[in-house]
file work_39.cif (mmCIF, C-alpha atoms; chains and numbers go by the auth columns)
data_data
#
loop_
_atom_site.group_PDB
_atom_site.id
_atom_site.type_symbol
_atom_site.label_atom_id
_atom_site.label_comp_id
_atom_site.label_asym_id
_atom_site.label_seq_id
_atom_site.Cartn_x
_atom_site.Cartn_y
_atom_site.Cartn_z
_atom_site.B_iso_or_equiv
_atom_site.auth_seq_id
_atom_site.auth_asym_id
ATOM 1 C CA MET A 1 0.000 0.000 0.000 0.00 586 B
ATOM 2 C CA PRO A 2 1.560 3.318 -1.056 0.00 587 B
ATOM 3 C CA THR A 3 2.171 5.914 1.617 0.00 588 B
ATOM 4 C CA GLN A 4 0.282 9.152 1.134 0.00 589 B
ATOM 5 C CA MET A 5 2.459 12.183 1.731 0.00 590 B
ATOM 6 C CA VAL A 6 1.035 15.512 2.800 0.00 591 B
ATOM 7 C CA PRO A 7 3.214 18.606 2.543 0.00 592 B
ATOM 8 C CA VAL A 8 3.809 20.221 5.926 0.00 593 B
ATOM 9 C CA CYS A 9 5.268 23.612 6.679 0.00 594 B
ATOM 10 C CA PHE A 10 6.516 24.838 10.046 0.00 595 B
ATOM 11 C CA LYS A 11 6.783 28.520 10.932 0.00 596 B
ATOM 12 C CA PHE A 12 9.068 29.745 13.687 0.00 597 B
ATOM 13 C CA PHE A 13 7.979 32.140 16.420 0.00 598 B
ATOM 14 C CA GLN A 14 9.369 33.957 19.408 0.00 599 B
ATOM 15 C CA VAL A 15 7.209 33.113 22.427 0.00 600 B
ATOM 16 C CA ASN A 16 6.170 36.215 24.386 0.00 601 B
ATOM 17 C CA TYR A 17 4.755 35.990 27.900 0.00 602 B
ATOM 18 C CA GLY A 18 2.671 38.360 30.003 0.00 603 B
ATOM 19 C CA SER A 19 4.299 40.083 32.976 0.00 604 B
ATOM 20 C CA GLY A 20 2.487 37.802 35.475 0.00 605 B
ATOM 21 C CA CYS A 21 3.625 34.551 33.852 0.00 606 B
ATOM 22 C CA THR A 22 5.891 32.393 36.018 0.00 607 B
ATOM 23 C CA GLN A 23 6.093 29.274 33.799 0.00 608 B
ATOM 24 C CA ARG A 24 7.393 28.717 30.291 0.00 609 B
ATOM 25 C CA LEU A 25 5.545 27.157 27.364 0.00 610 B
ATOM 26 C CA PRO A 26 6.680 23.534 27.933 0.00 611 B
ATOM 27 C CA ALA A 27 5.410 23.548 31.533 0.00 612 B
ATOM 28 C CA ILE A 28 2.219 25.366 30.539 0.00 613 B
ATOM 29 C CA LEU A 29 1.375 22.839 27.803 0.00 614 B
ATOM 30 C CA ASP A 30 2.217 19.930 30.107 0.00 615 B
ATOM 31 C CA SER A 31 -0.141 21.345 32.765 0.00 616 B
ATOM 32 C CA ILE A 32 -2.978 21.578 30.226 0.00 617 B
ATOM 33 C CA LEU A 33 -2.156 18.086 28.939 0.00 618 B
ATOM 34 C CA GLY A 34 -2.494 16.716 32.480 0.00 619 B
ATOM 35 C CA MET A 35 -6.126 17.833 32.685 0.00 620 B
ATOM 36 C CA PRO A 36 -8.958 15.340 32.048 0.00 621 B
ATOM 37 C CA PRO A 37 -10.031 15.285 28.356 0.00 622 B
ATOM 38 C CA SER A 38 -13.407 16.863 29.087 0.00 623 B
ATOM 39 C CA GLU A 39 -11.674 19.791 30.811 0.00 624 B
ATOM 40 C CA LYS A 40 -8.953 20.452 28.204 0.00 625 B
ATOM 41 C CA THR A 41 -11.339 20.978 25.295 0.00 626 B
ATOM 42 C CA ALA A 42 -12.403 24.465 24.245 0.00 627 B
ATOM 43 C CA VAL A 43 -14.313 26.077 21.412 0.00 628 B
ATOM 44 C CA ILE A 44 -11.964 28.562 19.765 0.00 629 B
ATOM 45 C CA SER A 45 -12.918 30.300 16.501 0.00 630 B
ATOM 46 C CA ARG A 46 -16.135 28.249 16.297 0.00 631 B
ATOM 47 C CA GLU A 47 -14.344 24.882 16.363 0.00 632 B
ATOM 48 C CA GLU A 48 -13.727 22.417 19.173 0.00 633 B
ATOM 49 C CA ARG A 49 -10.003 22.288 20.047 0.00 634 B
ATOM 50 C CA LEU A 50 -8.094 19.820 22.193 0.00 635 B
ATOM 51 C CA LEU A 51 -4.498 19.335 23.288 0.00 636 B
ATOM 52 C CA LYS A 52 -4.141 15.613 22.504 0.00 637 B
ATOM 53 C CA THR A 53 -0.704 14.387 23.459 0.00 638 B
ATOM 54 C CA LYS A 54 2.991 15.059 23.882 0.00 639 B
ATOM 55 C CA THR A 55 4.685 13.523 20.855 0.00 640 B
ATOM 56 C CA LEU A 56 8.344 14.162 21.608 0.00 641 B
ATOM 57 C CA GLU A 57 10.467 14.866 24.636 0.00 642 B
ATOM 58 C CA GLU A 58 14.177 15.299 24.029 0.00 643 B
ATOM 59 C CA GLN A 59 16.831 17.034 26.081 0.00 644 B
ATOM 60 C CA ASP A 60 16.575 20.264 24.111 0.00 645 B
ATOM 61 C CA CYS A 61 12.973 20.315 22.848 0.00 646 B
ATOM 62 C CA LYS A 62 9.431 19.016 23.295 0.00 647 B
ATOM 63 C CA ALA A 63 6.509 18.692 20.886 0.00 648 B
ATOM 64 C CA TRP A 64 2.735 18.428 21.358 0.00 649 B
ATOM 65 C CA LEU A 65 -0.189 17.616 19.107 0.00 650 B
ATOM 66 C CA PHE A 66 -3.402 19.639 19.018 0.00 651 B
ATOM 67 C CA ALA A 67 -6.619 18.515 17.326 0.00 652 B
ATOM 68 C CA SER A 68 -9.564 20.413 15.923 0.00 653 B
ATOM 69 C CA LYS A 69 -12.974 18.944 15.225 0.00 654 B
ATOM 70 C CA ARG A 70 -14.320 20.646 12.110 0.00 655 B
ATOM 71 C CA MET A 71 -18.095 20.373 11.873 0.00 656 B
ATOM 72 C CA ARG A 72 -18.822 23.084 9.317 0.00 657 B
ATOM 73 C CA ALA A 73 -17.910 23.427 5.649 0.00 658 B
ATOM 74 C CA LEU A 74 -17.466 19.663 5.450 0.00 659 B
ATOM 75 C CA PRO A 75 -16.550 18.184 2.078 0.00 660 B
ATOM 76 C CA VAL A 76 -18.616 15.516 0.366 0.00 661 B
ATOM 77 C CA LYS A 77 -17.347 12.145 -0.765 0.00 662 B
ATOM 78 C CA ILE A 78 -17.076 11.445 -4.490 0.00 663 B
ATOM 79 C CA LYS A 79 -17.862 7.965 -5.755 0.00 664 B
ATOM 80 C CA GLY A 80 -16.145 6.160 -8.635 0.00 665 B
ATOM 81 C CA ASP A 81 -18.936 7.186 -11.028 0.00 666 B
ATOM 82 C CA GLY A 82 -18.479 10.871 -10.137 0.00 667 B
ATOM 83 C CA SER A 83 -21.608 11.178 -8.005 0.00 668 B
ATOM 84 C CA SER A 84 -21.290 12.704 -4.560 0.00 669 B
ATOM 85 C CA GLU A 85 -22.958 12.241 -1.216 0.00 670 B
ATOM 86 C CA SER A 86 -22.625 13.327 2.382 0.00 671 B
ATOM 87 C CA LEU A 87 -19.917 11.868 4.609 0.00 672 B
ATOM 88 C CA MET A 88 -22.796 10.651 6.848 0.00 673 B
ATOM 89 C CA LEU A 89 -21.238 11.805 10.113 0.00 674 B
ATOM 90 C CA GLU A 90 -23.181 11.532 13.355 0.00 675 B
ATOM 91 C CA ASP A 91 -24.452 14.716 15.037 0.00 676 B
ATOM 92 C CA GLU A 92 -21.426 15.109 17.323 0.00 677 B
ATOM 93 C CA GLU A 93 -18.822 13.952 14.772 0.00 678 B
ATOM 94 C CA GLY A 94 -16.552 16.100 12.652 0.00 679 B
ATOM 95 C CA LEU A 95 -13.333 15.919 10.690 0.00 680 B
ATOM 96 C CA GLY A 96 -10.274 15.618 12.902 0.00 681 B
ATOM 97 C CA GLU A 97 -7.473 17.960 11.935 0.00 682 B
ATOM 98 C CA ASN A 98 -4.172 17.868 13.781 0.00 683 B
ATOM 99 C CA ALA A 99 -1.573 20.576 14.292 0.00 684 B
ATOM 100 C CA ALA A 100 1.804 20.272 15.980 0.00 685 B
ATOM 101 C CA ILE A 101 3.873 22.672 18.035 0.00 686 B
ATOM 102 C CA ALA A 102 7.490 22.129 19.067 0.00 687 B
ATOM 103 C CA CYS A 103 9.348 24.268 21.552 0.00 688 B
ATOM 104 C CA ASP A 104 12.898 24.549 22.840 0.00 689 B
ATOM 105 C CA PHE A 105 13.363 23.708 26.518 0.00 690 B
ATOM 106 C CA THR A 106 13.617 27.392 27.504 0.00 691 B
ATOM 107 C CA GLY A 107 10.227 28.181 25.981 0.00 692 B
ATOM 108 C CA SER A 108 11.717 30.983 23.890 0.00 693 B
ATOM 109 C CA VAL A 109 11.202 29.665 20.354 0.00 694 B
ATOM 110 C CA ALA A 110 8.341 27.598 18.939 0.00 695 B
ATOM 111 C CA ALA A 111 7.842 25.892 15.590 0.00 696 B
ATOM 112 C CA ILE A 112 4.162 25.650 14.656 0.00 697 B
ATOM 113 C CA GLN A 113 2.741 23.530 11.870 0.00 698 B
ATOM 114 C CA SER A 114 1.185 25.679 9.204 0.00 699 B
ATOM 115 C CA GLY A 115 -1.399 24.635 6.679 0.00 700 B
ATOM 116 C CA ARG A 116 -4.788 25.373 5.224 0.00 701 B
ATOM 117 C CA GLN A 117 -6.683 23.445 7.896 0.00 702 B
ATOM 118 C CA ALA A 118 -4.111 23.477 10.730 0.00 703 B
ATOM 119 C CA MET A 119 -4.553 25.645 13.823 0.00 704 B
ATOM 120 C CA SER A 120 -2.852 29.002 13.377 0.00 705 B
ATOM 121 C CA GLU A 121 -0.495 30.463 15.946 0.00 706 B
ATOM 122 C CA LYS A 122 -3.243 32.914 16.978 0.00 707 B
ATOM 123 C CA VAL A 123 -5.715 30.082 17.635 0.00 708 B
ATOM 124 C CA MET A 124 -3.068 28.171 19.625 0.00 709 B
ATOM 125 C CA ALA A 125 -2.362 31.279 21.713 0.00 710 B
ATOM 126 C CA LYS A 126 -6.100 31.748 22.377 0.00 711 B
ATOM 127 C CA PHE A 127 -6.389 28.105 23.413 0.00 712 B
ATOM 128 C CA ILE A 128 -3.414 28.308 25.790 0.00 713 B
ATOM 129 C CA ASN A 129 -4.565 31.622 27.272 0.00 714 B
ATOM 130 C CA LYS A 130 -8.076 30.261 27.847 0.00 715 B
ATOM 131 C CA PHE A 131 -6.662 27.637 30.210 0.00 716 B
ATOM 132 C CA ARG A 132 -3.791 29.733 31.525 0.00 717 B
ATOM 133 C CA PRO A 133 -4.822 33.413 31.403 0.00 718 B
ATOM 134 C CA ASP A 134 -1.825 34.274 33.601 0.00 719 B
ATOM 135 C CA ALA A 135 0.475 33.327 30.712 0.00 720 B
ATOM 136 C CA SER A 136 -0.852 35.937 28.224 0.00 721 B
ATOM 137 C CA ILE A 137 1.149 34.155 25.537 0.00 722 B
ATOM 138 C CA ASN A 138 1.490 35.396 22.002 0.00 723 B
ATOM 139 C CA PHE A 139 3.700 34.275 19.143 0.00 724 B
ATOM 140 C CA LEU A 140 5.788 36.740 17.112 0.00 725 B
ATOM 141 C CA PRO A 141 7.123 35.560 13.751 0.00 726 B
ATOM 142 C CA VAL A 142 10.892 35.092 13.745 0.00 727 B
ATOM 143 C CA LEU A 143 11.040 35.650 9.995 0.00 728 B
ATOM 144 C CA LYS A 144 8.787 37.992 8.071 0.00 729 B
ATOM 145 C CA THR A 145 7.854 37.572 4.427 0.00 730 B
ATOM 146 C CA ASP A 146 9.685 40.785 3.485 0.00 731 B
ATOM 147 C CA ALA A 147 12.893 39.838 5.354 0.00 732 B
#

call {"tool": "encode", "arguments": {"input": "work_39.cif", "output": "structure tokens"}}
result
Amino acid sequence: MPTQMVPVCFKFFQVNYGSGCTQRLPAILDSILGMPPSEKTAVISREERLLKTKTLEEQDCKAWLFASKRMRALPVKIKGDGSSESLMLEDEEGLGENAAIACDFTGSVAAIQSGRQAMSEKVMAKFINKFRPDASINFLPVLKTDA
């Protein structure tokens, strides 16, 4: 069975913290990850978001996986004869769309997966700040398009 490849792009950001923040991004994400699933889900930008898992933990960096459940603007399936029909999802089902974030151990620099359906850095910041308002995190691009 051939492997399907999907192009992935990562953008790099400086992580900025509010003046009252005492923890760095790795500890903040780990604290959210430790919450029960029902408590670490939030609706951000009209979609359900969840911090799913830690995917990597090395000496100098960590990575986590977020998921979104898209329930609007769903595509249809196309049959072999060209006809289309609904995906037939249940009322509470949606398309799962993952996005990754990796961070150095100091919490200074983050690499965030970028893509058409992936969570943007602004949505990730809103998610984090919803659970940890003391952090007041935002992400500033390290490179700009006109650099």

call {"tool": "resolve_selection", "arguments": {"input": "work_39.cif", "expression": "the PyMOL selection byres ((chain B and resi 635-639) around 8)", "output": "number ranges by chain"}}
result
B: 615, 617-618, 622, 625-627, 633-634, 640-642, 647-653

call {"tool": "resolve_selection", "arguments": {"input": "work_39.cif", "expression": "the PyMOL selection byres ((chain B and resi 712) around 9)", "output": "PyMOL selection string"}}
result
chain B and resi 626-629+634-636+707-711+713-717

call {"tool": "atom_distance", "arguments": {"input": "work_39.cif", "atom1": "atom CA of B:Met704", "atom2": "atom CA of B:Ser669"}}
result
28.0 Å

call {"tool": "resolve_selection", "arguments": {"input": "work_39.cif", "expression": "the PyMOL selection byres ((chain B and resi 692) around 9)", "output": "number ranges by chain"}}
result
B: 599-600, 608-612, 646, 688-691, 693-695

call {"tool": "residues_around", "arguments": {"input": "work_39.cif", "residues": "B:Gln698", "least_positions_apart": "3", "cutoff": "8 Å", "atoms": "all atoms listed in the file", "output": "list in words"}}
result
Val593, Cys594, Phe595, Lys596, Ala684, Ala685, Ile686, Ala703, Met704 and Ser705 of chain B

call {"tool": "atom_distance", "arguments": {"input": "work_39.cif", "atom1": "atom CA of B:Ala687", "atom2": "atom CA of B:Phe597"}}
result
9.5 Å

call {"tool": "residues_around", "arguments": {"input": "work_39.cif", "residues": "B:Phe598", "least_positions_apart": "6", "cutoff": "9 Å", "atoms": "only C-alpha atoms", "output": "number ranges by chain"}}
result
B: 693-697, 706, 724-728

call {"tool": "atom_distance", "arguments": {"input": "work_39.cif", "atom1": "atom CA of B:Asn683", "atom2": "atom CA of B:Cys606"}}
result
27.2 Å
